[in-house]
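Undergrad: Quick one, work-v9.tsv (TSV, C-alpha atoms and all ligand atoms):
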```
chain	number	residue	atom	x	y	z
A	17	MET	CA	-24.03	18.57	83.33
A	18	GLY	CA	-23.91	17.91	87.03
A	19	ILE	CA	-23.18	21.37	88.25
A	20	GLU	CA	-26.80	22.62	87.93
A	21	THR	CA	-27.89	20.46	90.85
A	22	HIS	CA	-25.51	22.45	93.07
A	23	LEU	CA	-26.48	25.86	91.77
A	24	LYS	CA	-28.36	27.11	94.83
A	25	GLU	CA	-25.69	25.89	97.22
A	26	LEU	CA	-22.95	27.62	95.17
A	27	HIS	CA	-24.97	30.83	95.02
A	28	ARG	CA	-25.36	30.83	98.82
A	29	GLN	CA	-21.58	30.75	99.24
A	30	VAL	CA	-20.08	32.76	96.39
A	31	SER	CA	-20.53	36.44	95.56
A	32	THR	CA	-21.32	37.03	91.88
A	33	PRO	CA	-20.17	37.41	89.18
A	34	ALA	CA	-17.80	34.54	89.91
A	35	LEU	CA	-15.80	32.05	87.93
A	36	ILE	CA	-16.67	28.47	88.86
A	37	ILE	CA	-14.76	25.39	87.81
A	38	TYR	CA	-16.69	22.15	88.12
A	39	GLN	CA	-13.79	19.99	89.20
A	40	PRO	CA	-15.10	16.51	88.28
A	41	GLN	CA	-15.56	17.59	84.66
A	42	MET	CA	-12.25	19.45	84.54
A	43	GLU	CA	-10.48	16.30	85.73
A	44	THR	CA	-12.24	14.26	83.04
A	45	ASN	CA	-11.16	16.75	80.37
A	46	LEU	CA	-7.56	16.65	81.56
A	47	LEU	CA	-7.53	12.85	81.61
A	48	HIS	CA	-9.06	12.54	78.15
A	49	MET	CA	-6.43	14.80	76.58
A	50	GLN	CA	-3.65	12.96	78.39
A	51	GLN	CA	-5.07	9.70	77.03
A	52	LEU	CA	-5.30	11.16	73.52
A	53	ALA	CA	-1.62	12.10	73.75
A	54	GLU	CA	-0.64	8.66	75.03
A	55	THR	CA	-2.71	6.83	72.42
A	56	ASN	CA	-0.96	8.81	69.69
A	57	ARG	CA	2.45	8.48	71.40
A	58	VAL	CA	3.00	12.22	71.54
A	59	ARG	CA	4.01	14.45	74.45
A	60	LEU	CA	1.38	16.82	75.84
A	61	ARG	CA	2.66	20.33	76.56
A	62	PRO	CA	-0.61	22.14	77.39
A	63	HIS	CA	-0.97	25.83	76.63
A	64	THR	CA	-1.55	27.47	80.01
A	65	LYS	CA	-2.71	30.81	78.59
A	66	THR	CA	-6.22	29.34	78.96
A	67	HIS	CA	-6.23	29.03	82.75
A	68	LYS	CA	-3.22	31.18	83.72
A	69	SER	CA	-2.91	29.21	86.94
A	70	PRO	CA	0.24	27.44	88.19
A	71	PHE	CA	-2.00	25.30	90.41
A	72	LEU	CA	-3.85	23.94	87.36
A	73	ALA	CA	-0.61	23.63	85.38
A	74	GLN	CA	0.82	21.47	88.20
A	75	ARG	CA	-2.25	19.26	87.96
A	76	GLN	CA	-1.62	18.83	84.21
A	77	ILE	CA	2.00	17.86	84.92
A	78	LYS	CA	0.92	15.42	87.63
A	79	LEU	CA	-1.34	13.69	85.10
A	80	GLY	CA	1.53	13.27	82.63
A	81	ALA	CA	2.07	16.52	80.70
A	82	LYS	CA	5.71	17.06	79.72
A	83	GLY	CA	6.24	20.74	80.38
A	84	ILE	CA	3.96	23.65	79.65
A	85	THR	CA	3.39	26.24	76.95
A	86	VAL	CA	2.88	29.95	77.60
A	87	ALA	CA	2.35	32.92	75.31
A	88	LYS	CA	4.24	35.57	77.23
A	89	LEU	CA	7.47	36.12	79.12
A	90	SER	CA	5.61	37.37	82.20
A	91	GLU	CA	3.40	34.27	82.20
A	92	ALA	CA	6.56	32.14	82.10
A	93	GLU	CA	7.98	34.04	85.08
A	94	VAL	CA	4.86	33.39	87.17
A	95	MET	CA	4.86	29.71	86.23
A	96	LEU	CA	8.55	29.30	87.09
A	97	THR	CA	8.10	31.04	90.46
A	98	HIS	CA	5.55	28.35	91.24
A	99	GLY	CA	7.71	25.41	90.31
A	100	LEU	CA	7.01	24.84	86.61
A	101	ASN	CA	10.44	24.59	85.09
A	102	ASP	CA	10.00	23.23	81.57
A	103	ILE	CA	8.52	26.08	79.56
A	104	PHE	CA	7.97	26.75	75.86
A	105	ILE	CA	7.12	30.38	75.06
A	106	ALA	CA	5.24	29.78	71.80
A	107	ASN	CA	5.90	33.29	70.67
A	108	GLN	CA	8.66	35.57	69.43
A	109	ILE	CA	10.22	37.84	72.05
A	110	THR	CA	11.58	40.91	70.28
A	111	GLN	CA	11.40	43.88	72.66
A	112	PRO	CA	15.01	44.75	73.61
A	113	LEU	CA	13.84	45.72	77.13
A	114	LYS	CA	12.82	42.09	77.79
A	115	MET	CA	16.09	40.38	76.93
A	116	LYS	CA	17.63	40.49	80.42
A	117	ARG	CA	14.51	38.88	81.90
A	118	LEU	CA	14.51	36.27	79.17
A	119	ARG	CA	18.14	35.45	79.96
A	120	ALA	CA	17.35	35.19	83.69
A	121	LEU	CA	14.56	32.76	82.84
A	122	HIS	CA	16.87	30.72	80.62
A	123	ASP	CA	19.42	30.47	83.44
A	124	ARG	CA	16.79	29.03	85.80
A	125	CYS	CA	14.75	26.57	83.76
A	126	ASN	CA	14.46	24.48	80.62
A	127	LEU	CA	13.33	27.27	78.29
A	128	ILE	CA	12.40	27.13	74.61
A	129	ILE	CA	11.24	30.12	72.58
A	130	GLY	CA	9.71	30.65	69.15
A	131	ILE	CA	11.48	32.25	66.20
A	132	ASP	CA	10.41	32.98	62.62
A	133	ASP	CA	12.79	35.68	61.37
A	134	PRO	CA	16.60	35.67	61.26
A	135	ARG	CA	16.66	39.25	62.54
A	136	GLN	CA	15.29	38.04	65.88
A	137	ILE	CA	18.68	36.38	66.40
A	138	ASP	CA	20.38	39.79	66.35
A	139	LEU	CA	18.01	40.99	69.07
A	140	LEU	CA	18.88	38.02	71.30
A	141	LYS	CA	22.64	38.17	70.71
A	142	ASN	CA	23.78	40.61	73.41
A	143	GLU	CA	22.21	38.68	76.27
A	144	PHE	CA	22.69	35.15	74.99
A	145	GLU	CA	26.12	34.93	73.38
A	146	THR	CA	27.64	34.31	76.82
A	147	VAL	CA	25.32	31.46	77.86
A	148	HIS	CA	26.72	28.16	79.13
A	149	SER	CA	23.98	26.08	77.55
A	150	PRO	CA	22.54	27.31	74.25
A	151	LEU	CA	19.12	28.92	74.13
A	152	GLN	CA	16.68	26.44	72.60
A	153	VAL	CA	14.49	27.72	69.80
A	154	ARG	CA	11.69	26.32	67.67
A	155	ILE	CA	10.93	27.69	64.24
A	156	GLU	CA	7.29	28.63	63.79
A	157	ILE	CA	5.69	27.29	60.62
A	158	ASP	CA	2.65	29.00	59.11
A	159	SER	CA	0.10	26.22	58.57
A	160	GLY	CA	-2.63	28.57	57.35
A	161	LEU	CA	-3.35	30.97	60.21
A	162	HIS	CA	-1.23	33.64	58.50
A	163	ARG	CA	-0.19	35.17	61.79
A	164	CYS	CA	3.49	34.49	62.49
A	165	GLY	CA	5.51	31.67	60.98
A	166	VAL	CA	7.62	30.90	57.92
A	167	GLN	CA	6.40	29.25	54.76
A	168	ILE	CA	7.91	25.93	53.71
A	169	ASN	CA	10.51	27.20	51.30
A	170	LYS	CA	13.97	28.74	51.38
A	171	ALA	CA	12.91	31.02	54.26
A	172	LEU	CA	12.71	27.91	56.47
A	173	THR	CA	16.05	26.42	55.51
A	174	ASP	CA	17.83	29.80	55.60
A	175	LEU	CA	16.57	30.43	59.12
A	176	ALA	CA	17.45	26.90	60.25
A	177	LYS	CA	20.99	27.28	58.83
A	178	LYS	CA	21.46	30.63	60.51
A	179	ILE	CA	20.43	29.08	63.84
A	180	ALA	CA	22.81	26.15	63.25
A	181	ASP	CA	25.63	28.63	62.62
A	182	THR	CA	24.95	30.46	65.88
A	183	PHE	CA	26.81	28.60	68.63
A	184	TRP	CA	24.67	30.05	71.45
A	185	LEU	CA	21.41	28.81	69.90
A	186	LYS	CA	20.04	25.29	69.53
A	187	LEU	CA	17.34	24.42	67.00
A	188	GLU	CA	15.19	22.19	69.22
A	189	GLY	CA	12.16	21.88	66.95
A	190	ILE	CA	9.43	23.35	64.83
A	191	PHE	CA	5.91	24.33	65.85
A	192	THR	CA	2.63	25.52	64.40
A	193	HIS	CA	-0.86	26.50	65.52
A	194	ALA	CA	-3.71	26.06	63.04
A	195	GLY	CA	-5.83	28.76	64.67
A	196	GLN	CA	-7.70	29.37	61.42
A	197	VAL	CA	-9.83	26.44	62.57
A	198	TYR	CA	-11.83	28.89	64.69
A	199	ALA	CA	-13.39	30.18	61.47
A	200	ALA	CA	-14.34	26.68	60.25
A	201	ARG	CA	-17.98	26.20	59.28
A	202	SER	CA	-18.33	22.44	59.51
A	203	ARG	CA	-16.92	19.42	61.26
A	204	SER	CA	-15.37	18.22	58.01
A	205	GLU	CA	-13.58	21.55	57.65
A	206	VAL	CA	-12.20	21.21	61.21
A	207	GLU	CA	-11.01	17.71	60.36
A	208	ALA	CA	-9.38	18.84	57.11
A	209	ILE	CA	-7.52	21.67	58.89
A	210	GLY	CA	-6.34	19.21	61.54
A	211	HIS	CA	-4.97	16.75	58.98
A	212	ALA	CA	-3.37	19.58	57.00
A	213	GLU	CA	-1.63	20.80	60.18
A	214	GLY	CA	0.16	17.44	60.45
A	215	HIS	CA	0.81	17.19	56.74
A	216	ILE	CA	2.38	20.68	56.53
A	217	MET	CA	4.70	19.79	59.40
A	218	GLU	CA	5.77	16.67	57.49
A	219	GLN	CA	6.66	18.85	54.51
A	220	ALA	CA	8.67	21.12	56.79
A	221	VAL	CA	10.57	18.16	58.28
A	222	ASN	CA	11.30	16.79	54.80
A	223	LEU	CA	12.61	20.12	53.55
A	224	LEU	CA	14.84	20.52	56.60
A	225	GLN	CA	16.13	16.95	56.19
A	226	SER	CA	16.97	17.59	52.55
A	227	ALA	CA	19.11	20.49	53.79
A	228	GLY	CA	20.82	18.17	56.30
A	229	ILE	CA	19.00	19.56	59.34
A	230	SER	CA	17.13	17.42	61.84
A	231	VAL	CA	14.88	18.53	64.70
A	232	GLU	CA	13.83	16.78	67.88
A	233	THR	CA	10.35	18.22	68.35
A	234	VAL	CA	7.48	18.64	65.91
A	235	SER	CA	4.80	20.45	67.88
A	236	VAL	CA	1.21	21.20	66.81
A	237	GLY	CA	-1.99	22.01	68.46
A	238	SER	CA	-5.22	23.69	69.08
A	239	THR	CA	-8.13	22.13	70.92
A	240	PRO	CA	-10.28	21.59	67.79
A	241	THR	CA	-7.52	20.17	65.56
A	242	VAL	CA	-5.51	18.09	67.97
A	243	ALA	CA	-7.46	14.88	67.56
A	244	TYR	CA	-6.48	14.85	63.88
A	245	SER	CA	-3.01	16.39	63.86
A	246	ALA	CA	-1.76	14.30	66.81
A	247	ALA	CA	-2.28	11.17	64.71
A	248	HIS	CA	0.18	12.30	62.05
A	249	PRO	CA	3.36	10.17	62.28
A	250	VAL	CA	5.73	13.14	62.15
A	251	VAL	CA	4.10	14.94	65.10
A	252	ASN	CA	5.55	14.22	68.55
A	253	GLU	CA	4.14	17.04	70.72
A	254	ILE	CA	0.69	18.64	71.11
A	255	ARG	CA	-0.17	21.96	72.77
A	256	PRO	CA	-3.94	22.32	73.23
A	257	GLY	CA	-5.05	24.81	75.88
A	258	ASN	CA	-8.78	25.34	75.88
A	259	TYR	CA	-9.66	21.65	76.44
A	260	ILE	CA	-9.35	21.99	80.22
A	261	PHE	CA	-12.59	24.02	80.23
A	262	TYR	CA	-14.13	24.07	76.73
A	263	ASP	CA	-16.62	26.89	76.02
A	264	ALA	CA	-19.41	28.02	73.69
A	265	MET	CA	-16.97	28.44	70.78
A	266	GLN	CA	-15.88	24.81	71.10
A	267	LEU	CA	-19.54	23.74	71.22
A	268	ALA	CA	-20.21	25.67	68.00
A	269	LEU	CA	-17.25	23.93	66.32
A	270	GLY	CA	-18.39	20.52	67.56
A	271	SER	CA	-15.13	20.03	69.52
A	272	ALA	CA	-17.05	19.33	72.74
A	273	GLN	CA	-20.52	18.62	74.02
A	274	LYS	CA	-22.25	20.90	76.53
A	275	GLU	CA	-21.72	18.29	79.29
A	276	GLU	CA	-17.96	18.60	78.83
A	277	CYS	CA	-17.79	22.29	79.74
A	278	SER	CA	-16.18	22.76	83.15
A	279	LEU	CA	-15.99	26.56	83.45
A	280	PHE	CA	-18.99	28.73	84.27
A	281	VAL	CA	-19.72	32.28	85.21
A	282	LEU	CA	-22.09	32.33	88.15
A	283	THR	CA	-24.36	35.37	88.04
A	284	THR	CA	-27.36	36.82	89.85
A	285	ILE	CA	-30.58	38.04	88.30
A	286	VAL	CA	-31.04	41.73	88.98
A	287	SER	CA	-34.45	42.36	87.46
A	288	GLN	CA	-37.05	41.47	84.84
A	289	PRO	CA	-38.06	44.94	83.66
A	290	ALA	CA	-40.22	43.56	80.80
A	291	PRO	CA	-41.82	40.12	80.24
A	292	ASP	CA	-39.22	39.24	77.58
A	293	ARG	CA	-36.19	40.92	79.24
A	294	ILE	CA	-34.02	39.78	82.14
A	295	VAL	CA	-31.03	41.67	83.48
A	296	ILE	CA	-28.11	39.98	85.29
A	297	ASP	CA	-25.25	41.45	87.34
A	298	THR	CA	-22.65	40.34	84.80
A	299	GLY	CA	-21.53	42.26	81.73
A	300	SER	CA	-18.56	42.62	79.44
A	301	LYS	CA	-16.11	42.96	82.37
A	302	ALA	CA	-16.87	39.38	83.39
A	303	LEU	CA	-17.95	37.66	80.16
A	304	SER	CA	-15.82	39.51	77.55
A	305	THR	CA	-17.33	40.26	74.14
A	306	ASP	CA	-15.50	37.51	72.24
A	307	GLY	CA	-17.40	35.55	69.64
A	308	ALA	CA	-20.67	37.27	70.48
A	309	PHE	CA	-21.81	37.89	66.95
A	310	TRP	CA	-21.22	34.54	65.33
A	311	LEU	CA	-22.32	32.69	68.46
A	312	ASN	CA	-25.56	34.58	68.87
A	313	GLY	CA	-24.99	36.10	72.27
A	314	PHE	CA	-22.37	36.88	74.88
A	315	GLY	CA	-22.30	33.45	76.51
A	316	LEU	CA	-24.61	30.46	76.83
A	317	PRO	CA	-27.05	30.76	79.77
A	318	LEU	CA	-28.13	27.42	81.24
A	319	ASP	CA	-31.68	26.27	81.83
A	320	ILE	CA	-33.39	29.40	80.53
A	321	PRO	CA	-34.95	29.99	77.08
A	322	ALA	CA	-32.97	33.18	76.45
A	323	VAL	CA	-29.95	34.67	74.70
A	324	ILE	CA	-27.60	37.24	76.22
A	325	GLU	CA	-28.42	39.81	73.62
A	326	ARG	CA	-26.46	42.80	74.95
A	327	VAL	CA	-23.87	43.60	77.57
A	328	SER	CA	-22.72	46.81	79.12
A	329	GLU	CA	-19.81	46.72	81.52
A	330	GLU	CA	-21.74	45.46	84.56
A	331	HIS	CA	-25.05	44.33	83.07
A	332	GLY	CA	-26.07	41.47	80.84
A	333	ILE	CA	-29.39	41.83	79.05
A	334	LEU	CA	-31.14	38.58	78.18
A	335	LYS	CA	-33.93	38.32	75.66
A	336	LEU	CA	-36.44	35.57	76.40
A	337	ASN	CA	-37.70	33.46	73.51
A	338	GLU	CA	-40.75	32.33	75.42
A	339	SER	CA	-42.59	33.35	78.53
A	340	PHE	CA	-40.48	32.69	81.63
A	341	ARG	CA	-40.68	34.35	85.04
A	342	VAL	CA	-37.64	34.82	87.27
A	343	ARG	CA	-37.10	36.61	90.56
A	344	PRO	CA	-34.43	39.16	91.33
A	345	GLY	CA	-31.79	37.47	93.47
A	346	GLU	CA	-31.99	34.08	91.72
A	347	PRO	CA	-28.80	32.53	90.32
A	348	LEU	CA	-27.96	31.82	86.69
A	349	LEU	CA	-25.01	29.92	85.24
A	350	ILE	CA	-23.37	30.88	81.95
A	351	ILE	CA	-20.93	28.96	79.77
A	352	PRO	CA	-18.57	31.69	78.50
A	353	ASN	CA	-18.08	32.12	74.77
A	354	HIS	CA	-14.31	32.03	75.12
A	355	ALA	CA	-12.96	30.56	78.36
A	356	CYS	CA	-9.39	31.86	77.83
A	357	VAL	CA	-10.31	35.55	77.78
A	358	THR	CA	-12.97	35.15	80.47
A	359	ALA	CA	-10.48	33.60	82.90
A	360	ASN	CA	-8.18	36.57	82.39
A	361	LEU	CA	-10.95	38.87	83.66
A	362	PHE	CA	-11.09	37.32	87.15
A	363	SER	CA	-8.59	37.23	90.00
A	364	GLN	CA	-9.75	33.84	91.28
A	365	TYR	CA	-11.48	30.61	90.40
A	366	HIS	CA	-13.86	28.83	92.72
A	367	LEU	CA	-12.93	25.22	92.21
A	368	PHE	CA	-16.03	23.26	93.14
A	369	ASN	CA	-16.12	19.61	94.06
A	370	PRO	CA	-19.43	18.24	95.36
A	371	GLN	CA	-17.58	16.07	97.91
A	372	LYS	CA	-15.00	18.62	99.04
A	373	GLY	CA	-16.74	21.96	98.62
A	374	ILE	CA	-15.21	25.12	97.22
A	375	GLN	CA	-11.52	25.99	97.00
A	376	ALA	CA	-10.34	29.44	95.89
A	377	ILE	CA	-7.58	29.28	93.26
A	378	PRO	CA	-5.90	32.57	92.29
A	379	VAL	CA	-5.52	33.29	88.56
A	380	LEU	CA	-1.91	34.24	89.19
A	381	ALA	CA	-0.89	34.95	85.61
A	382	ARG	CA	-4.00	37.00	84.97
A	383	GLY	CA	-3.10	40.23	83.16
A	384	LYS	CA	0.42	38.97	82.47
A	385	SER	CA	0.44	40.05	78.84
A	386	GLN	CA	3.95	41.47	78.78
A	401	LIG	C1	0.73	29.07	69.55
A	401	LIG	C2	-0.46	28.44	70.18
A	401	LIG	N1	-0.40	27.14	70.53
A	401	LIG	C3	-1.45	26.51	71.10
A	401	LIG	C4	-2.65	27.18	71.33
A	401	LIG	C5	-3.78	26.44	72.00
A	401	LIG	O1	-4.92	26.41	71.21
A	401	LIG	P1	-6.40	26.19	71.84
A	401	LIG	O2	-6.69	27.39	72.66
A	401	LIG	O3	-7.27	26.05	70.65
A	401	LIG	O4	-6.36	24.96	72.64
A	401	LIG	C6	-2.75	28.53	70.97
A	401	LIG	C7	-3.99	29.27	71.18
A	401	LIG	O5	-4.17	30.41	70.86
A	401	LIG	C8	-1.63	29.19	70.38
A	401	LIG	O6	-1.67	30.46	70.01
```
Would you mind writing the file's structure down as structure tokens?
Ligand SMILES: Cc1ncc(COP(=O)(O)O)c(C=O)c1O

TA:
Amino acid sequence: MGIETHLKELHRQVSTPALIIYQPQMETNLLHMQQLAETNRVRLRPHTKTHKSPFLAQRQIKLGAKGITVAKLSEAEVMLTHGLNDIFIANQITQPLKMKRLRALHDRCNLIIGIDDPRQIDLLKNEFETVHSPLQVRIEIDSGLHRCGVQINKALTDLAKKIADTFWLKLEGIFTHAGQVYAARSRSEVEAIGHAEGHIMEQAVNLLQSAGISVETVSVGSTPTVAYSAAHPVVNEIRPGNYIFYDAMQLALGSAQKEECSLFVLTTIVSQPAPDRIVIDTGSKALSTDGAFWLNGFGLPLDIPAVIERVSEEHGILKLNESFRVRPGEPLLIIPNHACVTANLFSQYHLFNPQKGIQAIPVLARGKSQ
């Protein structure tokens, strides 16, 4: 993977648990996704909820991304403060308390938000009916995740017509996220979900067209499905997020190889209280508990025949599969199960480049869930 050869040097410089980005691999991941977008002639609008860092978002823009995606209003505010001014909030904002902030954001950048229910328009009305340029919205389509999103029937055309009749709104596009892929059990299932994501969006476009409504943007994306859905002729924007780092979940789905992971939790061995048990200084507050049961452990430890069998808040308990001696104070690297939630647990990254050393990057949108 490359980073293991620098493990001791990193451990001499960084207090653990720490979040390490192996920069050469991160750059490769960013370039590959940009190339995938260009090959398929679609715009890349990466979801920045994965890294929550304006610094990394700027890098994505520099490499060719056209704008960014966020999940939350407060994430958008942090990104705008740091110069990212083309922002899609791929979510519905419905709390009345947030409307003034949303309007302030709209006045300062190219903002697009998600919508999937005509009653959301009533919630936006007070703040937005006086805008100079209409608020851009994208209708969310449910492509099988069964979270938010309309089905492809009258609900879609009714909502689109209501938006068209509202002079202070502009229907900029439609979007979907086939997140059900994270429960897929085989590569062929991942592929089928990816193709279906594109196909469902084609049906949505056709239905809208038959009602006389056209949209500029047809946006899809998740890291596992994007290679398939991006190829669909109707799709013109992709929004993967996790691909910057990859993680143990992506490995389990076959969306990446171990060598492609660029995010690691650096830990220190605390003790080996029994021949088959090792304890590290890193527990649920640094690794999260995501995916632990279907992935067989709370993260993937490197170069040790063990699984992270249990975590308490500040301890990780590894069970050895074969005899292996370690010393307290030695380092251990872990690929997190789910990079997006792990990043949100730390206040900074240590961006490591073998030529340039370590650079601290704050996770500025960390905890911005409002
Ligand atoms: C609406 C939306 N778009 C895009 C993404 C990015 O997906 P991934 O993390 O698989 O890259 C997500 C992830 O949760 C999402 O919720």

Undergrad: What is the CA of Ile36 (chain A)-CA of Gly373 (chain A) distance in Å, reported with one decimal?

TA: 11.7 Å

Undergrad: Can you check which parts of chain A lie within 6 Å of ligand LIG 401 (chain A)? Per residue, the shortest pair of atoms and distance in Å to one decimal, counting all atoms listed in the file, sorted by chain and number, as JSON lines.

TA:
```
{"residue": "A:His63", "atom": "CA", "partner": "A:LIG401", "partner_atom": "C5", "distance": 5.5}
{"residue": "A:Ala106", "atom": "CA", "partner": "A:LIG401", "partner_atom": "C1", "distance": 5.1}
{"residue": "A:His193", "atom": "CA", "partner": "A:LIG401", "partner_atom": "C1", "distance": 5.0}
{"residue": "A:Gly237", "atom": "CA", "partner": "A:LIG401", "partner_atom": "C3", "distance": 5.2}
{"residue": "A:Ser238", "atom": "CA", "partner": "A:LIG401", "partner_atom": "O1", "distance": 3.5}
{"residue": "A:Thr239", "atom": "CA", "partner": "A:LIG401", "partner_atom": "O4", "distance": 3.8}
{"residue": "A:Arg255", "atom": "CA", "partner": "A:LIG401", "partner_atom": "C3", "distance": 5.0}
{"residue": "A:Pro256", "atom": "CA", "partner": "A:LIG401", "partner_atom": "O4", "distance": 3.6}
{"residue": "A:Gly257", "atom": "CA", "partner": "A:LIG401", "partner_atom": "O4", "distance": 3.5}
{"residue": "A:Asn258", "atom": "CA", "partner": "A:LIG401", "partner_atom": "O4", "distance": 4.1}
```

Undergrad: Please indicate the distance in Å from CA of Val58 (chain A) to CA of Cys125 (chain A), rounded to one decimal place.

TA: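 Atom-to-atom, CA of Val58 (chain A) and CA of Cys125 (chain A) are spaced 22.2 Å apart.
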
Undergrad: Kindly provide the residues of region 66-109 of chain A that approach region 154-170 of chain A to within 10 Å, each paired with its closest atom pair and their distance in Å to one decimal, based on all atoms listed in the file, listed by chain and increasing number, as a tab-separated table.

TA:
```
residue	atom	partner	partner_atom	distance
A:Phe104	CA	A:Arg154	CA	9.0
A:Ile105	CA	A:Arg154	CA	9.6
A:Ala106	CA	A:Glu156	CA	8.3
A:Asn107	CA	A:Glu156	CA	8.4
A:Gln108	CA	A:Cys164	CA	8.7
```

Undergrad: Between A:Leu127, A:Gly83, A:Pro378, A:Lys65, which has the minimum distance to Val357 (chain A) (counting all atoms listed in the file)?

TA: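 Closest to Val357 (chain A), using all atoms listed in the file: A:Lys65.
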
Undergrad: For region 214-220 of chain A, please output as a PyMOL selection string all residues within 10 Å (counting only C-alpha atoms; exclusion window: fewer than 5 positions along the same chain).

TA: chain A and resi 157-160+166-169+172-173+190-192+194+209+225-226+234-237+241-242+244-251

Undergrad: Interatomic distance between CA of Pro347 (chain A) and CA of Lys24 (chain A)?

TA: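 It comes out at 7.1 Å.
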
Undergrad: May I have the residues within 10 Å of Gln266 (chain A) as an MDAnalysis selection string, using only C-alpha atoms and disregarding those fewer than 6 positions away in the same chain?

TA: chainID A and resid 198 239:240 258:259 272:274 277 353:355

Undergrad: Selection from above, C-alpha atoms, as a short mmCIF file (atom, residue, chain, number, x, y, z; two decimals), keeping the file's coordinate frame, can you write it?

TA:
```
data_model
loop_
_atom_site.label_atom_id
_atom_site.label_comp_id
_atom_site.auth_asym_id
_atom_site.auth_seq_id
_atom_site.Cartn_x
_atom_site.Cartn_y
_atom_site.Cartn_z
CA TYR A 198 -11.83 28.89 64.69
CA THR A 239 -8.13 22.13 70.92
CA PRO A 240 -10.28 21.59 67.79
CA ASN A 258 -8.78 25.34 75.88
CA TYR A 259 -9.66 21.65 76.44
CA ALA A 272 -17.05 19.33 72.74
CA GLN A 273 -20.52 18.62 74.02
CA LYS A 274 -22.25 20.90 76.53
CA CYS A 277 -17.79 22.29 79.74
CA ASN A 353 -18.08 32.12 74.77
CA HIS A 354 -14.31 32.03 75.12
CA ALA A 355 -12.96 30.56 78.36
#
```

Undergrad: With 4 Å added on each side, what axis-aligned box encloses every listed atom of region 32-48 of chain A? Give the centre and edge lengths in Å to one decimal, as lines of an AutoDock Vina configuration file.

TA:
```
center_x = -14.4
center_y = 25.0
center_z = 85.0
size_x = 21.8
size_y = 32.9
size_z = 21.7
```

Undergrad: Determine the nearest neighbour of Leu35 (chain A) from the options A:Glu330, A:Phe309, A:Asp174, A:Thr298, counting all atoms listed in the file.

TA: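 For Leu35 (chain A), the nearest of the given residues is A:Thr298.
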
Undergrad: Could you check the closest approach to Pro112 (chain A) for each of A:Asp138, A:Glu213, A:Asp292, A:Asp133 and tell me which residue wins, using all atoms listed in the file?

TA: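 Closest candidate: A:Asp138.
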
Undergrad: For Phe362 (chain A), which residue among A:Thr32, A:Ser149, A:Thr44, A:Ser90 is the nearest when counting only C-alpha atoms?

TA: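 That would be A:Thr32, the residue with the smallest distance to Phe362 (chain A).
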
Undergrad: Counting all atoms listed in the file, which of A:Leu318, A:Ile285, A:Val295, A:Ala376 gets nearest to Arg343 (chain A)?

TA: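 Among the listed residues, the smallest separation from Arg343 (chain A) belongs to A:Ile285.
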
Undergrad: Hey, can you pull every residue with an atom no more than 12 Å from (22.2, 43.6, 76.2), using only C-alpha atoms, and send it as a list in words?

TA: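 Checking each residue against the 12 Å limit leaves Gln111, Pro112, Leu113, Lys114, Met115, Lys116, Arg117, Leu118, Arg119, Asp138, Leu139, Leu140, Lys141, Asn142, Glu143, Phe144, Glu145 and Thr146 of chain A.
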
Undergrad: Which residue gives the smallest distance to Glu232 (chain A) among A:Ile19, A:Leu267, A:Leu175, A:Val153, with all atoms listed in the file counted?

TA: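 The answer is A:Val153, which sits nearest to Glu232 (chain A).
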
Undergrad: Need to verify the contact set: Ile229 (chain A), 10 Å, only C-alpha atoms, exclusion of same-chain residues closer than 6 positions in sequence. Can you return it as a ChimeraX atom specification?

TA: /A:173,176-177,180,187,221-223
